[in-house]
Amino acid sequence: MSNIIFKANNIFKSFQSAKKTKLEVLKGISIEIESGKITIIVGASGAGKSTLLHLLGGLDRPDSGEVYYDNKDIFGFSDDKLAKFRNKHVGFVFQFHHLLPEFTALENVMIPQLINGTNFNNAKTRSEELLHTVGLNER
Ligand SMILES: Nc1ncnc2c1ncn2[C@@H]1O[C@H](COP(=O)(O)OP(=O)(O)OP(=O)(O)O)[C@@H](O)[C@H]1O
Ligand SMILES: [Mg+2]
């Protein structure tokens, strides 16, 4: 039985570089990620690892190609539905932290839960537990 949770199909992604030349980062990448396994992507700095992960996580859109999560084409989703997909199904540890600087550590952990409809007190309790688990409850 297939246990593929993520599938990328012939992904192309390029960026416009300063001199108007096109920097082609991903050129026809296909990958299948199995559920319940740890998958490691290895490559030289600048090879496009973060670019690929941003596409798998629905944070950026490819120039062409598809990404399927649980057999659903995520770039066929509206922006709202894509945001819900990220909120419910994607946990992303960024290379840079991307915390919201106006908010405390606790509030940063609470915000995705509040967006997902958890009530304030439950989100607060759960976030305190999570911060405690990783030793950041005093921050
Ligand atoms: N938003 C962007 N605009 C322009 N160029 C970009 C952008 N994002 C990434 N790049 C370029 O695309 C290439 C791939 O970058 P990426 O961050 O995916 O590499 P990486 O494999 O994650 O590298 P590292 O190991 O250093 O984290 C690099 O040359 C980078 O400069
Ligand atoms: Mg990277």
# chains A, B, ... in the order shown; residues from 1 in each chain; ligands from 1
>>> residues_around(residues="Leu55 in chain A", least_positions_apart="4", cutoff="10 Å", atoms="only C-alpha atoms", output="compact mmCIF listing (two decimals) with N, CA and C atoms, in the first residue's frame")
# COMPACT_ATOMS: atom_id res chain seq x y z
N ALA A 8 6.08 15.59 -5.17
CA ALA A 8 6.35 16.73 -6.06
C ALA A 8 6.60 16.18 -7.44
N ILE A 11 9.04 19.82 -10.75
CA ILE A 11 9.00 21.20 -10.24
C ILE A 11 10.11 22.05 -10.85
N LYS A 13 11.59 26.07 -10.54
CA LYS A 13 11.51 27.34 -9.81
C LYS A 13 12.75 28.17 -10.13
N SER A 50 16.20 24.79 0.64
CA SER A 50 15.16 25.61 1.27
C SER A 50 14.08 25.96 0.25
N THR A 51 14.49 26.25 -0.97
CA THR A 51 13.51 26.58 -2.03
C THR A 51 12.54 25.42 -2.21
N LEU A 59 4.58 27.48 1.03
CA LEU A 59 4.96 28.84 1.38
C LEU A 59 5.28 29.68 0.14
N ASP A 60 5.58 29.01 -0.94
CA ASP A 60 5.90 29.68 -2.20
C ASP A 60 5.34 28.81 -3.32
N ARG A 61 5.13 29.41 -4.49
CA ARG A 61 4.57 28.65 -5.61
C ARG A 61 5.64 28.37 -6.67
N PRO A 62 5.59 27.18 -7.28
CA PRO A 62 6.57 26.86 -8.33
C PRO A 62 6.22 27.59 -9.63
N GLU A 66 3.71 20.28 -10.00
CA GLU A 66 2.67 20.17 -8.97
C GLU A 66 3.25 19.61 -7.68
N VAL A 67 2.59 19.97 -6.58
CA VAL A 67 2.88 19.35 -5.29
C VAL A 67 1.58 18.75 -4.76
N ILE A 74 -1.88 20.92 -4.00
CA ILE A 74 -1.98 22.08 -3.09
C ILE A 74 -1.96 23.41 -3.82
N PHE A 75 -1.37 23.47 -5.02
CA PHE A 75 -1.35 24.74 -5.74
C PHE A 75 -2.61 24.94 -6.58
>>> select_by_dssp(residues="chain A", states="strand (DSSP E or B)", output="PyMOL selection string")
chain A and resi 4-16+22-34+64-69+72-73
>>> write_last_selection(atoms="N, CA and C atoms", output="compact mmCIF listing (two decimals), in the first residue's frame")
# COMPACT_ATOMS: atom_id res chain seq x y z
N ILE A 4 2.64 7.40 0.56
CA ILE A 4 3.24 8.67 0.14
C ILE A 4 2.38 9.83 0.64
N ILE A 5 2.97 10.70 1.45
CA ILE A 5 2.21 11.83 1.99
C ILE A 5 2.44 13.09 1.14
N PHE A 6 3.69 13.28 0.66
CA PHE A 6 4.02 14.40 -0.22
C PHE A 6 4.56 13.86 -1.53
N LYS A 7 4.13 14.46 -2.60
CA LYS A 7 4.68 14.08 -3.90
C LYS A 7 4.86 15.36 -4.72
N ALA A 8 6.08 15.59 -5.17
CA ALA A 8 6.35 16.73 -6.06
C ALA A 8 6.60 16.18 -7.44
N ASN A 9 6.05 16.86 -8.44
CA ASN A 9 6.07 16.36 -9.80
C ASN A 9 6.66 17.40 -10.74
N ASN A 10 7.91 17.15 -11.20
CA ASN A 10 8.53 17.99 -12.23
C ASN A 10 8.48 19.49 -11.90
N ILE A 11 9.04 19.82 -10.75
CA ILE A 11 9.00 21.20 -10.24
C ILE A 11 10.11 22.05 -10.85
N PHE A 12 9.70 23.21 -11.35
CA PHE A 12 10.67 24.21 -11.81
C PHE A 12 10.48 25.48 -10.97
N LYS A 13 11.59 26.07 -10.54
CA LYS A 13 11.51 27.34 -9.81
C LYS A 13 12.75 28.17 -10.13
N SER A 14 12.53 29.38 -10.56
CA SER A 14 13.68 30.26 -10.80
C SER A 14 13.43 31.60 -10.12
N PHE A 15 14.50 32.32 -9.90
CA PHE A 15 14.41 33.66 -9.30
C PHE A 15 15.05 34.65 -10.27
N GLN A 16 14.56 35.88 -10.20
CA GLN A 16 15.15 36.96 -10.99
C GLN A 16 16.37 37.46 -10.22
N LYS A 22 17.97 35.11 -15.29
CA LYS A 22 17.12 34.19 -14.55
C LYS A 22 18.01 33.15 -13.86
N LEU A 23 17.84 33.04 -12.54
CA LEU A 23 18.59 32.03 -11.79
C LEU A 23 17.69 30.80 -11.65
N GLU A 24 18.01 29.77 -12.41
CA GLU A 24 17.19 28.54 -12.37
C GLU A 24 17.67 27.67 -11.23
N VAL A 25 16.84 27.55 -10.21
CA VAL A 25 17.25 26.82 -9.00
C VAL A 25 16.77 25.38 -9.06
N LEU A 26 15.50 25.18 -9.29
CA LEU A 26 14.96 23.81 -9.38
C LEU A 26 14.56 23.55 -10.82
N LYS A 27 15.13 22.49 -11.38
CA LYS A 27 14.91 22.20 -12.80
C LYS A 27 14.35 20.79 -12.95
N GLY A 28 13.05 20.68 -12.76
CA GLY A 28 12.43 19.37 -12.98
C GLY A 28 12.60 18.39 -11.84
N ILE A 29 12.42 18.89 -10.61
CA ILE A 29 12.55 18.02 -9.43
C ILE A 29 11.26 17.24 -9.19
N SER A 30 11.42 15.92 -9.00
CA SER A 30 10.30 15.08 -8.57
C SER A 30 10.75 14.31 -7.33
N ILE A 31 9.87 14.22 -6.37
CA ILE A 31 10.24 13.54 -5.12
C ILE A 31 8.97 12.98 -4.47
N GLU A 32 9.13 11.86 -3.82
CA GLU A 32 8.03 11.30 -3.03
C GLU A 32 8.50 11.16 -1.59
N ILE A 33 7.67 11.65 -0.66
CA ILE A 33 8.02 11.60 0.77
C ILE A 33 7.03 10.66 1.46
N GLU A 34 7.58 9.67 2.15
CA GLU A 34 6.71 8.70 2.82
C GLU A 34 6.31 9.17 4.21
N SER A 64 6.38 25.96 -12.49
CA SER A 64 5.55 24.90 -13.06
C SER A 64 5.79 23.62 -12.27
N GLY A 65 4.91 22.66 -12.47
CA GLY A 65 4.97 21.42 -11.69
C GLY A 65 3.94 21.44 -10.59
N GLU A 66 3.71 20.28 -10.00
CA GLU A 66 2.67 20.17 -8.97
C GLU A 66 3.25 19.61 -7.68
N VAL A 67 2.59 19.97 -6.58
CA VAL A 67 2.88 19.35 -5.29
C VAL A 67 1.58 18.75 -4.76
N TYR A 68 1.61 17.47 -4.45
CA TYR A 68 0.45 16.79 -3.90
C TYR A 68 0.71 16.49 -2.43
N TYR A 69 -0.26 16.84 -1.59
CA TYR A 69 -0.23 16.42 -0.19
C TYR A 69 -1.44 15.51 0.00
N LYS A 72 -3.75 15.50 -2.83
CA LYS A 72 -4.43 16.75 -3.23
C LYS A 72 -3.41 17.75 -3.78
N ASP A 73 -3.73 18.34 -4.92
CA ASP A 73 -2.84 19.29 -5.58
C ASP A 73 -2.90 20.63 -4.83
>>> closest_atom_pairs(of="chain A", to="ligand 2", cutoff="12 Å", atoms="only C-alpha atoms and all ligand atoms", output="CSV")
residue,atom,partner,partner_atom_place_in_ligand_line,distance
A:Ile41,CA,ligand 2,1 (Mg),10.3
A:Val42,CA,ligand 2,1 (Mg),10.1
A:Gly43,CA,ligand 2,1 (Mg),9.3
A:Ala44,CA,ligand 2,1 (Mg),9.3
A:Ser45,CA,ligand 2,1 (Mg),6.9
A:Gly46,CA,ligand 2,1 (Mg),7.1
A:Ala47,CA,ligand 2,1 (Mg),8.3
A:Gly48,CA,ligand 2,1 (Mg),7.0
A:Lys49,CA,ligand 2,1 (Mg),5.5
A:Ser50,CA,ligand 2,1 (Mg),4.1
A:Thr51,CA,ligand 2,1 (Mg),7.3
A:Leu52,CA,ligand 2,1 (Mg),9.2
A:Leu53,CA,ligand 2,1 (Mg),8.7
A:His54,CA,ligand 2,1 (Mg),9.7
A:Val93,CA,ligand 2,1 (Mg),11.0
A:Phe94,CA,ligand 2,1 (Mg),8.6
A:Gln95,CA,ligand 2,1 (Mg),6.2
A:Phe96,CA,ligand 2,1 (Mg),9.3
>>> write_last_selection(atoms="C-alpha atoms", output="compact mmCIF listing (two decimals), in the first residue's frame")
# COMPACT_ATOMS: atom_id res chain seq x y z
CA ILE A 41 17.60 16.36 1.80
CA VAL A 42 21.32 16.95 1.35
CA GLY A 43 23.04 19.43 -0.96
CA ALA A 44 25.63 22.19 -1.19
CA SER A 45 24.76 25.65 0.08
CA GLY A 46 22.64 27.35 -2.58
CA ALA A 47 21.62 24.06 -4.20
CA GLY A 48 17.94 24.80 -3.56
CA LYS A 49 17.03 22.77 -0.45
CA SER A 50 15.16 25.61 1.27
CA THR A 51 13.51 26.58 -2.03
CA LEU A 52 12.21 23.01 -2.39
CA LEU A 53 10.95 22.91 1.20
CA HIS A 54 9.17 26.26 0.78
CA VAL A 93 11.39 25.20 11.39
CA PHE A 94 12.82 28.06 9.36
CA GLN A 95 16.51 28.53 8.69
CA PHE A 96 15.99 31.99 10.21
>>> residues_around(residues="range 115-127 of chain A", least_positions_apart="5", cutoff="12 Å", atoms="only C-alpha atoms", output="list in words")
Ala83, Lys84, Phe85, Arg86, Asn87, Lys88, His89, Thr104, Ala105, Leu106, Glu107, Asn108, Val109, Met110, His132, Thr133, Val134, Leu136 and Asn137 of chain A
>>> atom_distance(atom1="CA of Ala18 in chain A", atom2="atom 2 (C, counted along the ligand's line) of ligand 1")
10.5 Å
>>> select_by_dssp(residues="range 95-133 of chain A", states="alpha helix (DSSP H)", output="PyMOL selection string")
chain A and resi 105-115+120-133
>>> write_last_selection(atoms="C-alpha atoms", output="PDB file, in the first residue's frame")
ATOM      1  CA  ALA A 105       7.366  33.929  22.846  1.00  0.00           C
ATOM      2  CA  LEU A 106       4.088  32.692  24.357  1.00  0.00           C
ATOM      3  CA  GLU A 107       2.006  34.789  21.965  1.00  0.00           C
ATOM      4  CA  ASN A 108       4.064  33.581  18.987  1.00  0.00           C
ATOM      5  CA  VAL A 109       3.211  29.981  19.917  1.00  0.00           C
ATOM      6  CA  MET A 110      -0.445  30.822  20.569  1.00  0.00           C
ATOM      7  CA  ILE A 111      -1.159  32.667  17.308  1.00  0.00           C
ATOM      8  CA  PRO A 112      -1.434  29.631  14.951  1.00  0.00           C
ATOM      9  CA  GLN A 113      -3.783  27.948  17.435  1.00  0.00           C
ATOM     10  CA  LEU A 114      -5.982  31.050  17.720  1.00  0.00           C
ATOM     11  CA  ILE A 115      -6.123  31.294  13.914  1.00  0.00           C
ATOM     12  CA  PHE A 120      -7.793  31.760  24.133  1.00  0.00           C
ATOM     13  CA  ASN A 121      -7.440  29.906  27.440  1.00  0.00           C
ATOM     14  CA  ASN A 122      -6.873  26.503  25.830  1.00  0.00           C
ATOM     15  CA  ALA A 123      -4.323  27.980  23.419  1.00  0.00           C
ATOM     16  CA  LYS A 124      -2.534  29.656  26.325  1.00  0.00           C
ATOM     17  CA  THR A 125      -2.403  26.475  28.435  1.00  0.00           C
ATOM     18  CA  ARG A 126      -1.213  24.363  25.511  1.00  0.00           C
ATOM     19  CA  SER A 127       1.417  26.939  24.497  1.00  0.00           C
ATOM     20  CA  GLU A 128       2.767  27.147  28.038  1.00  0.00           C
ATOM     21  CA  GLU A 129       3.101  23.339  28.062  1.00  0.00           C
ATOM     22  CA  LEU A 130       4.894  23.367  24.704  1.00  0.00           C
ATOM     23  CA  LEU A 131       7.317  26.105  25.748  1.00  0.00           C
ATOM     24  CA  HIS A 132       7.970  24.247  28.989  1.00  0.00           C
ATOM     25  CA  THR A 133       8.694  21.039  27.048  1.00  0.00           C
TER      26      THR A 133
END
>>> closest_residue(among="A:Pro101, A:Asn71, A:Lys20, A:Leu82", to="ligand 1", atoms="only C-alpha atoms and all ligand atoms")
A:Lys20
>>> decode(residues="range 75-102 of chain A", atoms="N, CA and C atoms", output="tab-separated table (two decimals), in the first residue's frame")
chain	number	residue	atom	x	y	z
A	75	PHE	N	-1.37	23.47	-5.02
A	75	PHE	CA	-1.35	24.74	-5.74
A	75	PHE	C	-2.61	24.94	-6.58
A	76	GLY	N	-3.53	23.95	-6.50
A	76	GLY	CA	-4.87	24.14	-7.03
A	76	GLY	C	-5.77	24.80	-5.99
A	77	PHE	N	-5.29	24.92	-4.73
A	77	PHE	CA	-6.07	25.54	-3.66
A	77	PHE	C	-6.10	27.06	-3.83
A	78	SER	N	-7.16	27.69	-3.32
A	78	SER	CA	-7.18	29.15	-3.20
A	78	SER	C	-6.15	29.55	-2.14
A	79	ASP	N	-5.81	30.84	-2.08
A	79	ASP	CA	-4.85	31.30	-1.06
A	79	ASP	C	-5.36	30.99	0.34
A	80	ASP	N	-6.67	31.15	0.57
A	80	ASP	CA	-7.26	30.87	1.88
A	80	ASP	C	-7.10	29.40	2.24
A	81	LYS	N	-7.39	28.54	1.26
A	81	LYS	CA	-7.31	27.10	1.52
A	81	LYS	C	-5.85	26.67	1.72
A	82	LEU	N	-4.96	27.31	1.00
A	82	LEU	CA	-3.53	27.02	1.15
A	82	LEU	C	-3.07	27.44	2.55
A	83	ALA	N	-3.56	28.58	3.03
A	83	ALA	CA	-3.21	29.04	4.39
A	83	ALA	C	-3.72	28.05	5.43
A	84	LYS	N	-4.93	27.52	5.22
A	84	LYS	CA	-5.48	26.52	6.14
A	84	LYS	C	-4.66	25.24	6.11
A	85	PHE	N	-4.24	24.83	4.92
A	85	PHE	CA	-3.39	23.65	4.77
A	85	PHE	C	-2.10	23.82	5.58
A	86	ARG	N	-1.47	25.00	5.47
A	86	ARG	CA	-0.23	25.24	6.21
A	86	ARG	C	-0.49	25.20	7.71
A	87	ASN	N	-1.60	25.83	8.12
A	87	ASN	CA	-1.93	25.91	9.54
A	87	ASN	C	-2.14	24.52	10.13
A	88	LYS	N	-2.79	23.64	9.39
A	88	LYS	CA	-3.18	22.33	9.94
A	88	LYS	C	-2.13	21.25	9.72
A	89	HIS	N	-1.40	21.31	8.62
A	89	HIS	CA	-0.60	20.14	8.23
A	89	HIS	C	0.90	20.37	8.17
A	90	VAL	N	1.35	21.62	8.24
A	90	VAL	CA	2.78	21.87	8.05
A	90	VAL	C	3.39	22.46	9.32
A	91	GLY	N	4.44	21.83	9.80
A	91	GLY	CA	5.27	22.42	10.86
A	91	GLY	C	6.59	22.77	10.22
A	92	PHE	N	6.96	24.01	10.31
A	92	PHE	CA	8.14	24.45	9.56
A	92	PHE	C	9.13	25.11	10.50
A	93	VAL	N	10.32	24.54	10.63
A	93	VAL	CA	11.39	25.20	11.39
A	93	VAL	C	12.24	25.94	10.37
A	94	PHE	N	12.13	27.27	10.37
A	94	PHE	CA	12.82	28.06	9.36
A	94	PHE	C	14.31	28.12	9.64
A	95	GLN	N	15.07	28.36	8.57
A	95	GLN	CA	16.51	28.53	8.69
A	95	GLN	C	16.79	29.80	9.52
A	96	PHE	N	15.93	30.81	9.36
A	96	PHE	CA	15.99	31.99	10.21
A	96	PHE	C	14.68	31.99	10.99
A	97	HIS	N	14.62	32.60	12.20
A	97	HIS	CA	13.51	32.21	13.08
A	97	HIS	C	12.12	32.73	12.68
A	98	HIS	N	12.06	33.92	12.04
A	98	HIS	CA	10.76	34.46	11.60
A	98	HIS	C	9.71	34.53	12.71
A	99	LEU	N	10.12	34.89	13.92
A	99	LEU	CA	9.13	35.15	14.96
A	99	LEU	C	8.54	36.54	14.71
A	100	LEU	N	7.34	36.78	15.27
A	100	LEU	CA	6.74	38.11	15.15
A	100	LEU	C	7.28	38.94	16.32
A	101	PRO	N	8.11	39.95	16.03
A	101	PRO	CA	8.84	40.65	17.09
A	101	PRO	C	7.95	41.46	18.02
A	102	GLU	N	6.73	41.80	17.58
A	102	GLU	CA	5.83	42.59	18.44
A	102	GLU	C	5.23	41.74	19.55
